[in-house]
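Student: Below is one structure. I have some questions about it.
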Amino acid sequence: MRMQRRRTNALPRNVNSGRLQDEIAVLERRLAQIGPDGDCGYEKALIRFFEQQLGERRALLRRRDGTVGG
């Protein structure tokens, strides 16, 4: 019988706003270094991953701050 793995968020729920802001800044800097399109498949995959991570961190930061908008 195949067991299904439960997907967990990489970020703990108790992470503070300062850390989230720092991580967002790092991801944004890295995206700026790569550029908007990427030069190869690897960079394009990194862009997608970083954008997904940014979205998760921004959403978590909004929940922490109690704001609804982006």
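By convention here, the chains of the structure tokens are called A, B, ... in the order presented, each chain's residues are numbered starting at 1, and ligands are numbered starting at 1 in the order presented.
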Excluding same-chain residues fewer than 2 positions from range 23-28 of chain A, what lies within 9 Å of it counting only C-alpha atoms, as JSON, numbers by chain?

Tutor: {"A": [18, 19, 20, 21, 30, 31, 32, 33, 50, 51, 53, 54, 57, 58]}

Student: Please produce a file of the residues just selected, as an mmCIF file, in the first residue's frame, where the atoms kept are C-alpha atoms.

Tutor:
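Saved as selection.cif:
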data_model
loop_
_atom_site.group_PDB
_atom_site.id
_atom_site.type_symbol
_atom_site.label_atom_id
_atom_site.label_comp_id
_atom_site.auth_asym_id
_atom_site.auth_seq_id
_atom_site.Cartn_x
_atom_site.Cartn_y
_atom_site.Cartn_z
ATOM 1 C CA GLY A 18 11.703 40.887 10.538
ATOM 2 C CA ARG A 19 12.939 37.519 9.347
ATOM 3 C CA LEU A 20 10.257 37.400 6.640
ATOM 4 C CA GLN A 21 11.258 40.865 5.428
ATOM 5 C CA ARG A 30 18.636 37.187 -6.274
ATOM 6 C CA LEU A 31 15.826 37.605 -8.799
ATOM 7 C CA ALA A 32 17.288 40.956 -9.850
ATOM 8 C CA GLN A 33 20.693 39.287 -10.380
ATOM 9 C CA PHE A 50 11.890 32.247 -6.046
ATOM 10 C CA GLU A 51 8.624 33.852 -7.168
ATOM 11 C CA GLN A 53 8.735 31.545 -2.270
ATOM 12 C CA LEU A 54 8.208 35.317 -2.422
ATOM 13 C CA ARG A 57 6.499 34.869 2.441
ATOM 14 C CA ARG A 58 4.490 37.933 1.429
#

Student: Excluding same-chain residues fewer than 5 positions from Ser17 in chain A, what lies within 8 Å of it counting only C-alpha atoms, as a PDB file with N, CA and C atoms, in the first residue's frame?

Tutor:
ATOM      1  N   LEU A  61       3.570  37.267   5.716  1.00  0.00           N
ATOM      2  CA  LEU A  61       3.822  38.585   6.303  1.00  0.00           C
ATOM      3  C   LEU A  61       2.517  39.378   6.415  1.00  0.00           C
ATOM      4  N   ARG A  64       0.673  38.052   9.324  1.00  0.00           N
ATOM      5  CA  ARG A  64       1.313  38.489  10.565  1.00  0.00           C
ATOM      6  C   ARG A  64       0.946  39.933  10.898  1.00  0.00           C
ATOM      7  N   ASP A  65       0.939  40.763   9.851  1.00  0.00           N
ATOM      8  CA  ASP A  65       0.669  42.194  10.048  1.00  0.00           C
ATOM      9  C   ASP A  65      -0.826  42.491  10.097  1.00  0.00           C
TER      10      ASP A  65
END
